[in-house]
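Reproduced below: work35.txt, with compact mmCIF, C-alpha atoms and all ligand atoms.
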```txt
# COMPACT_ATOMS: atom_id res chain seq x y z
CA MET Y 28 11.02 -9.92 -19.56
CA LEU Y 29 13.07 -9.71 -16.34
CA ILE Y 30 15.38 -6.69 -16.05
CA LYS Y 31 17.81 -6.22 -13.17
CA GLU Y 32 19.73 -3.10 -14.29
CA ILE Y 33 18.53 0.49 -14.40
CA LYS Y 34 20.44 1.16 -17.64
CA GLU Y 35 18.67 -1.64 -19.52
CA LEU Y 36 15.26 -0.66 -18.12
CA ARG Y 37 15.79 2.97 -19.19
CA SER Y 38 16.75 2.04 -22.74
CA THR Y 39 13.74 -0.31 -23.06
CA ILE Y 40 11.38 2.42 -21.85
CA LYS Y 41 13.00 5.03 -24.13
CA SER Y 42 12.41 2.79 -27.14
CA TRP Y 43 8.72 2.44 -26.18
CA LYS Y 44 8.39 6.19 -25.78
CA ARG Y 45 10.01 6.82 -29.18
CA GLU Y 46 7.15 4.76 -30.61
CA GLY Y 47 4.66 6.96 -28.76
CA LEU Y 48 3.55 4.20 -26.37
CA SER Y 49 2.16 4.97 -22.91
CA VAL Y 50 3.71 3.36 -19.83
CA GLY Y 51 1.98 2.16 -16.65
CA PHE Y 52 3.94 1.29 -13.53
CA VAL Y 53 3.14 -0.91 -10.51
CA PRO Y 54 5.70 -0.77 -7.68
CA THR Y 55 5.68 -3.83 -5.37
CA MET Y 56 7.84 -5.69 -2.88
CA GLY Y 57 6.98 -9.04 -4.47
CA ALA Y 58 5.33 -12.13 -2.91
CA LEU Y 59 2.58 -11.18 -5.31
CA HIS Y 60 -1.09 -12.04 -4.75
CA GLU Y 61 -4.45 -11.09 -6.27
CA GLY Y 62 -4.19 -7.60 -4.73
CA HIS Y 63 -1.05 -6.87 -6.74
CA GLN Y 64 -2.56 -8.64 -9.76
CA SER Y 65 -5.55 -6.30 -9.73
CA LEU Y 66 -3.18 -3.31 -9.95
CA ILE Y 67 -1.24 -4.91 -12.80
CA LYS Y 68 -4.44 -5.78 -14.71
CA ARG Y 69 -5.73 -2.23 -14.35
CA ALA Y 70 -2.37 -0.90 -15.58
CA VAL Y 71 -2.51 -3.27 -18.57
CA GLU Y 72 -6.03 -2.06 -19.42
CA GLU Y 73 -5.04 1.61 -19.28
CA ASN Y 74 -1.55 1.65 -20.86
CA ASP Y 75 0.32 0.29 -23.91
CA LYS Y 76 3.20 -1.08 -21.82
CA VAL Y 77 3.44 -2.04 -18.15
CA VAL Y 78 6.45 -2.25 -15.83
CA VAL Y 79 6.15 -3.97 -12.43
CA SER Y 80 8.98 -3.48 -9.95
CA VAL Y 81 9.70 -6.23 -7.44
CA PHE Y 82 12.06 -4.80 -4.84
CA VAL Y 83 12.08 -5.44 -1.11
CA ASN Y 84 13.19 -1.93 -0.23
CA PRO Y 85 15.57 -1.99 2.76
CA THR Y 86 15.15 1.73 3.55
CA GLN Y 87 11.47 1.41 4.50
CA PHE Y 88 11.99 -1.29 7.16
CA GLY Y 89 12.80 -0.42 10.78
CA PRO Y 90 15.68 -2.17 12.59
CA ASN Y 91 13.34 -4.64 14.33
CA GLU Y 92 11.06 -5.25 11.36
CA ASP Y 93 10.86 -8.15 8.92
CA PHE Y 94 13.25 -7.13 6.10
CA ASP Y 95 15.24 -10.39 6.28
CA SER Y 96 12.24 -12.69 6.61
CA TYR Y 97 10.03 -10.86 4.06
CA PRO Y 98 8.85 -13.54 1.55
CA ARG Y 99 10.79 -13.55 -1.73
CA ASP Y 100 10.08 -15.70 -4.81
CA ILE Y 101 11.03 -13.89 -8.01
CA ASN Y 102 10.28 -16.81 -10.34
CA LYS Y 103 6.70 -17.09 -9.11
CA ASP Y 104 6.34 -13.27 -9.17
CA LEU Y 105 7.60 -13.13 -12.76
CA GLU Y 106 5.02 -15.72 -13.81
CA ILE Y 107 2.19 -13.83 -12.10
CA CYS Y 108 3.24 -10.52 -13.70
CA LEU Y 109 3.53 -11.94 -17.19
CA SER Y 110 0.22 -13.79 -16.95
CA ALA Y 111 -1.46 -10.55 -15.83
CA GLY Y 112 -0.06 -8.91 -18.98
CA ALA Y 113 2.98 -6.97 -17.70
CA ASN Y 114 5.80 -6.42 -20.21
CA VAL Y 115 8.74 -5.97 -17.86
CA VAL Y 116 9.51 -7.00 -14.29
CA PHE Y 117 12.23 -4.81 -12.79
CA ASN Y 118 14.00 -6.68 -9.99
CA PRO Y 119 17.14 -4.77 -8.98
CA GLU Y 120 19.60 -5.71 -6.25
CA PRO Y 121 19.76 -3.18 -3.37
CA SER Y 122 23.27 -2.22 -4.61
CA GLU Y 123 21.76 -1.29 -8.00
CA MET Y 124 19.24 1.03 -6.32
CA TYR Y 125 21.36 2.62 -3.57
CA TYR Y 126 24.83 4.15 -3.63
CA GLY Y 127 26.88 3.36 -0.54
CA ASP Y 128 27.34 7.09 0.06
CA LYS Y 129 23.79 8.23 -0.77
CA SER Y 130 23.13 11.68 0.69
CA THR Y 131 19.62 12.55 -0.44
CA SER Y 132 16.41 11.95 1.45
CA VAL Y 133 12.78 12.52 0.48
CA SER Y 134 10.50 13.34 3.35
CA VAL Y 135 6.82 14.29 3.35
CA SER Y 136 5.89 16.06 6.58
CA LYS Y 137 2.53 16.31 8.44
CA LEU Y 138 0.77 13.43 6.64
CA THR Y 139 3.45 11.10 8.00
CA ASP Y 140 3.15 12.23 11.63
CA VAL Y 141 0.17 9.92 12.22
CA LEU Y 142 -0.84 6.23 11.84
CA CYS Y 143 1.93 4.04 10.35
CA GLY Y 144 4.19 7.10 10.10
CA ALA Y 145 4.02 7.55 13.89
CA LYS Y 146 4.27 3.82 14.63
CA ARG Y 147 7.04 3.05 12.14
CA PRO Y 148 9.57 5.91 12.35
CA GLY Y 149 11.43 6.47 9.06
CA HIS Y 150 9.10 4.13 7.13
CA PHE Y 151 7.63 6.78 4.84
CA ASP Y 152 11.02 8.42 4.22
CA GLY Y 153 12.09 5.03 2.87
CA VAL Y 154 8.90 4.66 0.82
CA CYS Y 155 9.18 8.20 -0.60
CA LEU Y 156 12.85 7.76 -1.47
CA VAL Y 157 12.31 4.50 -3.33
CA VAL Y 158 9.09 5.59 -5.05
CA SER Y 159 10.63 8.88 -6.23
CA LYS Y 160 13.69 6.99 -7.54
CA LEU Y 161 11.48 4.42 -9.30
CA LEU Y 162 9.30 7.14 -10.82
CA ASN Y 163 12.48 8.87 -12.10
CA ILE Y 164 13.76 5.61 -13.57
CA VAL Y 165 10.50 4.41 -15.16
CA THR Y 166 8.98 7.85 -16.01
CA PRO Y 167 5.50 6.27 -16.28
CA ASP Y 168 2.36 8.06 -17.43
CA LYS Y 169 0.39 6.40 -14.64
CA ALA Y 170 1.47 4.62 -11.44
CA TYR Y 171 -0.85 2.27 -9.53
CA PHE Y 172 -1.12 1.94 -5.76
CA GLY Y 173 -3.52 -0.02 -3.53
CA GLU Y 174 -5.97 1.63 -1.16
CA LYS Y 175 -5.01 -1.11 1.32
CA ASP Y 176 -2.11 1.22 2.15
CA ALA Y 177 -4.31 4.31 2.36
CA GLN Y 178 -1.76 6.52 4.11
CA GLN Y 179 0.83 5.56 1.50
CA VAL Y 180 -1.52 6.71 -1.28
CA ALA Y 181 -2.07 10.07 0.46
CA VAL Y 182 1.68 10.54 1.04
CA ILE Y 183 2.69 9.59 -2.51
CA LYS Y 184 0.03 11.88 -4.01
CA ARG Y 185 1.35 14.75 -1.87
CA MET Y 186 4.97 14.01 -2.82
CA VAL Y 187 4.12 13.88 -6.53
CA ARG Y 188 2.23 17.17 -6.25
CA ASP Y 189 4.92 18.93 -4.22
CA LEU Y 190 7.81 17.76 -6.43
CA ASN Y 191 5.90 18.27 -9.72
CA ILE Y 192 6.53 14.70 -10.78
CA ASP Y 193 4.81 14.19 -14.12
CA VAL Y 194 2.72 11.10 -13.33
CA GLU Y 195 -0.90 10.30 -12.56
CA ILE Y 196 -1.31 8.34 -9.33
CA VAL Y 197 -4.15 5.80 -9.62
CA ALA Y 198 -5.56 4.37 -6.36
CA CYS Y 199 -7.09 0.86 -6.66
CA PRO Y 200 -9.60 -0.83 -4.30
CA ILE Y 201 -8.63 -3.34 -1.59
CA ILE Y 202 -8.79 -6.98 -2.72
CA ARG Y 203 -9.91 -9.40 0.01
CA GLU Y 204 -10.01 -13.13 0.64
CA GLU Y 205 -13.51 -14.63 0.42
CA ASP Y 206 -13.90 -14.41 4.20
CA GLY Y 207 -13.00 -10.70 4.25
CA LEU Y 208 -9.31 -10.67 5.22
CA ALA Y 209 -7.45 -8.08 3.14
CA LYS Y 210 -4.87 -9.86 0.98
CA SER Y 211 -1.32 -9.20 2.09
CA SER Y 212 2.10 -10.73 1.53
CA ARG Y 213 2.41 -10.80 5.34
CA ASN Y 214 -0.65 -13.12 5.69
CA THR Y 215 1.78 -15.98 4.94
CA TYR Y 216 3.29 -15.42 8.41
CA LEU Y 217 0.00 -16.38 10.12
CA SER Y 218 -0.54 -19.80 11.71
CA ALA Y 219 -3.94 -21.47 11.14
CA GLU Y 220 -5.16 -20.15 14.48
CA GLU Y 221 -3.85 -16.63 13.77
CA ARG Y 222 -5.40 -16.69 10.28
CA LYS Y 223 -8.83 -17.17 11.93
CA ALA Y 224 -8.10 -14.49 14.51
CA ALA Y 225 -7.06 -12.05 11.75
CA LEU Y 226 -10.69 -11.88 10.58
CA VAL Y 227 -11.32 -9.56 13.50
CA LEU Y 228 -9.87 -6.67 11.45
CA SER Y 229 -12.41 -6.78 8.61
CA ARG Y 230 -15.20 -7.77 11.03
CA SER Y 231 -14.63 -4.72 13.21
CA LEU Y 232 -14.63 -2.46 10.15
CA GLU Y 233 -17.89 -4.04 8.94
CA ILE Y 234 -19.47 -3.20 12.30
CA ALA Y 235 -18.29 0.40 11.92
CA LYS Y 236 -19.71 0.52 8.39
CA ASP Y 237 -23.14 -0.73 9.53
CA THR Y 238 -23.19 1.74 12.42
CA LEU Y 239 -22.36 4.60 10.04
CA LYS Y 240 -25.02 3.43 7.58
CA ASN Y 241 -27.52 3.49 10.43
CA GLY Y 242 -26.77 7.19 10.91
CA GLU Y 243 -24.25 7.33 13.78
CA ARG Y 244 -21.99 10.36 13.26
CA ASP Y 245 -20.07 10.50 16.54
CA ALA Y 246 -16.52 9.34 15.71
CA ARG Y 247 -15.79 8.47 19.35
CA LYS Y 248 -18.71 6.02 19.43
CA ILE Y 249 -17.72 4.40 16.14
CA LYS Y 250 -14.19 3.99 17.43
CA GLU Y 251 -15.53 2.38 20.61
CA PHE Y 252 -17.47 -0.22 18.58
CA ILE Y 253 -14.30 -1.11 16.68
CA LEU Y 254 -12.14 -1.29 19.82
CA ASN Y 255 -14.75 -3.48 21.55
CA GLU Y 256 -14.77 -5.97 18.69
CA LEU Y 257 -10.96 -6.04 18.44
CA ASN Y 258 -10.61 -6.51 22.18
CA LYS Y 259 -12.78 -9.65 22.03
CA GLU Y 260 -9.99 -11.43 20.10
CA PRO Y 261 -7.30 -12.70 22.52
CA LEU Y 262 -4.60 -12.97 19.80
CA ALA Y 263 -5.10 -9.34 18.69
CA LYS Y 264 -3.02 -6.46 20.02
CA ILE Y 265 -4.25 -3.09 18.80
CA ASP Y 266 -1.63 -0.77 17.30
CA TYR Y 267 -4.04 1.98 16.25
CA VAL Y 268 -7.65 2.69 15.33
CA GLU Y 269 -8.33 6.15 13.91
CA ILE Y 270 -11.16 8.07 12.30
CA ILE Y 271 -9.68 10.70 10.03
CA ASP Y 272 -10.31 13.01 7.10
CA SER Y 273 -9.54 11.10 3.88
CA ASP Y 274 -7.38 13.89 2.41
CA SER Y 275 -5.67 15.65 5.31
CA LEU Y 276 -5.56 12.54 7.57
CA ALA Y 277 -6.54 14.87 10.44
CA SER Y 278 -8.60 13.41 13.27
CA VAL Y 279 -12.40 13.84 13.02
CA ASP Y 280 -14.90 14.19 15.92
CA ILE Y 281 -18.21 14.51 14.09
CA ILE Y 282 -18.49 12.75 10.76
CA GLU Y 283 -19.61 15.34 8.22
CA ARG Y 284 -17.23 14.66 5.33
CA ASN Y 285 -15.73 11.57 3.68
CA ILE Y 286 -13.68 9.75 6.25
CA LEU Y 287 -11.12 7.00 6.41
CA ILE Y 288 -11.02 4.46 9.21
CA PRO Y 289 -7.56 2.88 9.21
CA ILE Y 290 -6.60 0.21 11.72
CA ALA Y 291 -3.36 -1.63 12.52
CA VAL Y 292 -3.43 -4.75 14.68
CA PHE Y 293 -0.79 -7.27 15.66
CA ILE Y 294 -2.02 -10.85 15.36
CA GLY Y 295 0.68 -12.68 17.25
CA LYS Y 296 3.89 -11.15 15.87
CA THR Y 297 2.37 -10.17 12.53
CA ARG Y 298 1.28 -6.58 12.07
CA LEU Y 299 -1.74 -6.30 9.76
CA ILE Y 300 -3.45 -3.18 8.45
CA ASP Y 301 -6.89 -2.61 6.98
CA ASN Y 302 -9.20 0.35 6.40
CA PHE Y 303 -12.39 1.51 4.89
CA THR Y 304 -13.52 4.78 3.39
CA PHE Y 305 -16.98 6.07 4.26
CA GLU Y 306 -18.37 8.38 1.61
CA ILE Y 307 -20.92 10.43 3.45
CA TYR Y 308 -22.96 11.51 0.42
CA THR Y 309 -23.64 7.88 -0.54
CA TYR Y 310 -25.86 7.49 2.55
P1 LIG J 401 3.55 -4.25 -1.37
O1 LIG J 401 4.16 -5.29 -2.24
O2 LIG J 401 2.91 -4.80 -0.13
O3 LIG J 401 4.46 -3.08 -1.14
O4 LIG J 401 2.34 -3.67 -2.19
C1 LIG J 401 2.50 -3.17 -3.51
C2 LIG J 401 1.24 -2.47 -3.92
O5 LIG J 401 0.15 -3.39 -3.90
C3 LIG J 401 0.86 -1.33 -2.95
O6 LIG J 401 0.40 -0.22 -3.70
C4 LIG J 401 -0.22 -1.95 -2.12
O7 LIG J 401 -1.13 -1.01 -1.61
C5 LIG J 401 -0.90 -2.85 -3.15
N1 LIG J 401 -1.65 -3.90 -2.46
C6 LIG J 401 -1.19 -4.77 -1.52
N2 LIG J 401 -2.20 -5.55 -1.05
C7 LIG J 401 -3.31 -5.16 -1.70
C8 LIG J 401 -4.68 -5.56 -1.65
N3 LIG J 401 -5.11 -6.53 -0.84
N4 LIG J 401 -5.57 -4.93 -2.45
C9 LIG J 401 -5.15 -3.93 -3.29
N5 LIG J 401 -3.88 -3.50 -3.38
C10 LIG J 401 -2.97 -4.10 -2.60
```
Can you turn what I pasted into structure tokens?
Amino acid sequence: MLIKEIKELRSTIKSWKREGLSVGFVPTMGALHEGHQSLIKRAVEENDKVVVSVFVNPTQFGPNEDFDSYPRDINKDLEICLSAGANVVFNPEPSEMYYGDKSTSVSVSKLTDVLCGAKRPGHFDGVCLVVSKLLNIVTPDKAYFGEKDAQQVAVIKRMVRDLNIDVEIVACPIIREEDGLAKSSRNTYLSAEERKAALVLSRSLEIAKDTLKNGERDARKIKEFILNELNKEPLAKIDYVEIIDSDSLASVDIIERNILIPIAVFIGKTRLIDNFTFEIYTY
């Protein structure tokens, strides 16, 4: 079922809750692919009812970013959601979500000073505002986010903790194309040549993984391996490569705990992100 109004969504969810049913929620910006599908399927497995939101949120895009050109196809998205087992697709207009005179902001500090937060000013304020609004509207038992956006997961978890929002945040693994490229709605922007070049992201992370497995613990050296690989690709322009603590997102020199290696790289005009988590006790 497609719902466009908050009022109708709320009354549907209230009727489920009166029956004692649990609700899972998957927030998305649409242009759905197998990455989103994996979140929806997990939500379907773990809850009685599942709501997917499809909303290209204007407040999380910077002035020179791709809000206008972001791919939109609600009919295809609806089909994907329903075939993955979702019960409701919530697809509001921006005017349904935002009052013209809105005065409230939601801002998570510290965790947003680095990585995409530093490179995309205001991005996480927009994400936190829309996610807190959606969590208030849907009131789910569990909400599902992809580890592809690792900083987003950390920021949302912190926001939910700090604001005592009554929801469990479930982080789901990155889904990749067969050749390793992390699935993303923005991959559709890539030309055939850029699509090949984009493999440098996952390849450079694989090199880092192998080096870590072989016992290297100097973060500076690992970073150098990644930068070297990325620099070999003429179409790639590095935005950031970091080696950080998975929870605090603070920079790490010697790898002694679980770490996250997030990277952001422009391939042509398209900005792609990828990451991997190294769990030190596994090796
Ligand atoms: P988006 O529509 O890009 O805002 O993404 C909606 C949700 O899907 C976010 O929680 C993303 O992290 C997640 N997601 C996007 N791509 C992937 C992927 N390749 N694997 C797993 N989750 C993903």
Report task. Name each residue within 6 Å of ligand LIG 401 (chain J), counting all atoms listed in the file, as JSON, numbers by chain. Result -> {"Y": [54, 55, 56, 57, 62, 63, 172, 173, 174, 175, 176, 200, 201, 202, 203, 209, 210, 211]}
Requested in this report: Would you list the residues near (-2.5, 2.1, 16.2) (no more than 8 Å away, in the coordinates of the file, using all atoms listed in the file) as number ranges by chain?
Outcome: Y: 142-143, 146, 265-269, 290-292
**Report entry** Given only C-alpha atoms as the counted atoms, nearest of Y:Ile294, Y:Leu59, Y:Thr131, Y:Ile183 to Y:Ala219
**Finding:**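 Checking each of Y:Ile294, Y:Leu59, Y:Thr131, Y:Ile183 against Y:Ala219, counting only C-alpha atoms, the winner is Y:Ile294.
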Report summary line: The residue from Y:Ala111, Y:Ala58, Y:Leu257, Y:Ile282 with the smallest atom-to-atom distance to Y:Ile234, counting all atoms listed in the file, is Y:Leu257
Query raised in the report: Y:Leu161, Y:Val78, Y:Thr215, Y:Lys223: which is nearest Y:Ser49, counting only C-alpha atoms?
Result: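 Going through Y:Leu161, Y:Val78, Y:Thr215, Y:Lys223 one by one, the smallest distance to Y:Ser49 is for Y:Val78.
Taking atom CA of Y:Ser42 and atom CA of Y:Leu162 as the two end points, the separation is 17.2 Å.
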Report summary line: Counting all atoms listed in the file, the residue among Y:Asn285, Y:Asn255, Y:Asp152, Y:Glu205 that lies closest to Y:Asp140 is Y:Asp152
Report task. Quick one: pull the distance between atom CA of Y:Ser231 and atom CA of Y:Arg247, Å, one decimal. Result ->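 If I compute the distance from atom CA of Y:Ser231 to atom CA of Y:Arg247, I get 14.6 Å.
The space separating atom CA of Y:Asn91 from atom CA of Y:Arg147 comes to 10.2 Å.
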Query raised in the report: Hey, which of Y:Gly153, Y:Pro98, Y:Gly89, Y:Gly242 ends up closest to Y:Glu283? Count only C-alpha atoms.
Result: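 The answer is Y:Gly242, which sits nearest to Y:Glu283.
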Query raised in the report: Counting all atoms listed in the file, what is within 8 Å of Y:Asn74, bar same-chain residues fewer than 2 positions away, as a list in words?
Result: Leu48, Ser49, Val50, Gly51, Ala70, Val71, Glu72, Lys76 and Val77 of chain Y
Near Y:Ile30, within 9 Å and counting only C-alpha atoms, which residues show up once chain neighbours fewer than 2 positions away are dropped, as a short mmCIF file (atom, residue, chain, number, x, y, z; two decimals) with C-alpha atoms, in the coordinates of the input?
```cif
data_model
loop_
_atom_site.label_atom_id
_atom_site.label_comp_id
_atom_site.auth_asym_id
_atom_site.auth_seq_id
_atom_site.Cartn_x
_atom_site.Cartn_y
_atom_site.Cartn_z
CA MET Y 28 11.02 -9.92 -19.56
CA GLU Y 32 19.73 -3.10 -14.29
CA ILE Y 33 18.53 0.49 -14.40
CA GLU Y 35 18.67 -1.64 -19.52
CA LEU Y 36 15.26 -0.66 -18.12
CA VAL Y 115 8.74 -5.97 -17.86
CA VAL Y 116 9.51 -7.00 -14.29
CA PHE Y 117 12.23 -4.81 -12.79
CA ASN Y 118 14.00 -6.68 -9.99
CA PRO Y 119 17.14 -4.77 -8.98
#
```
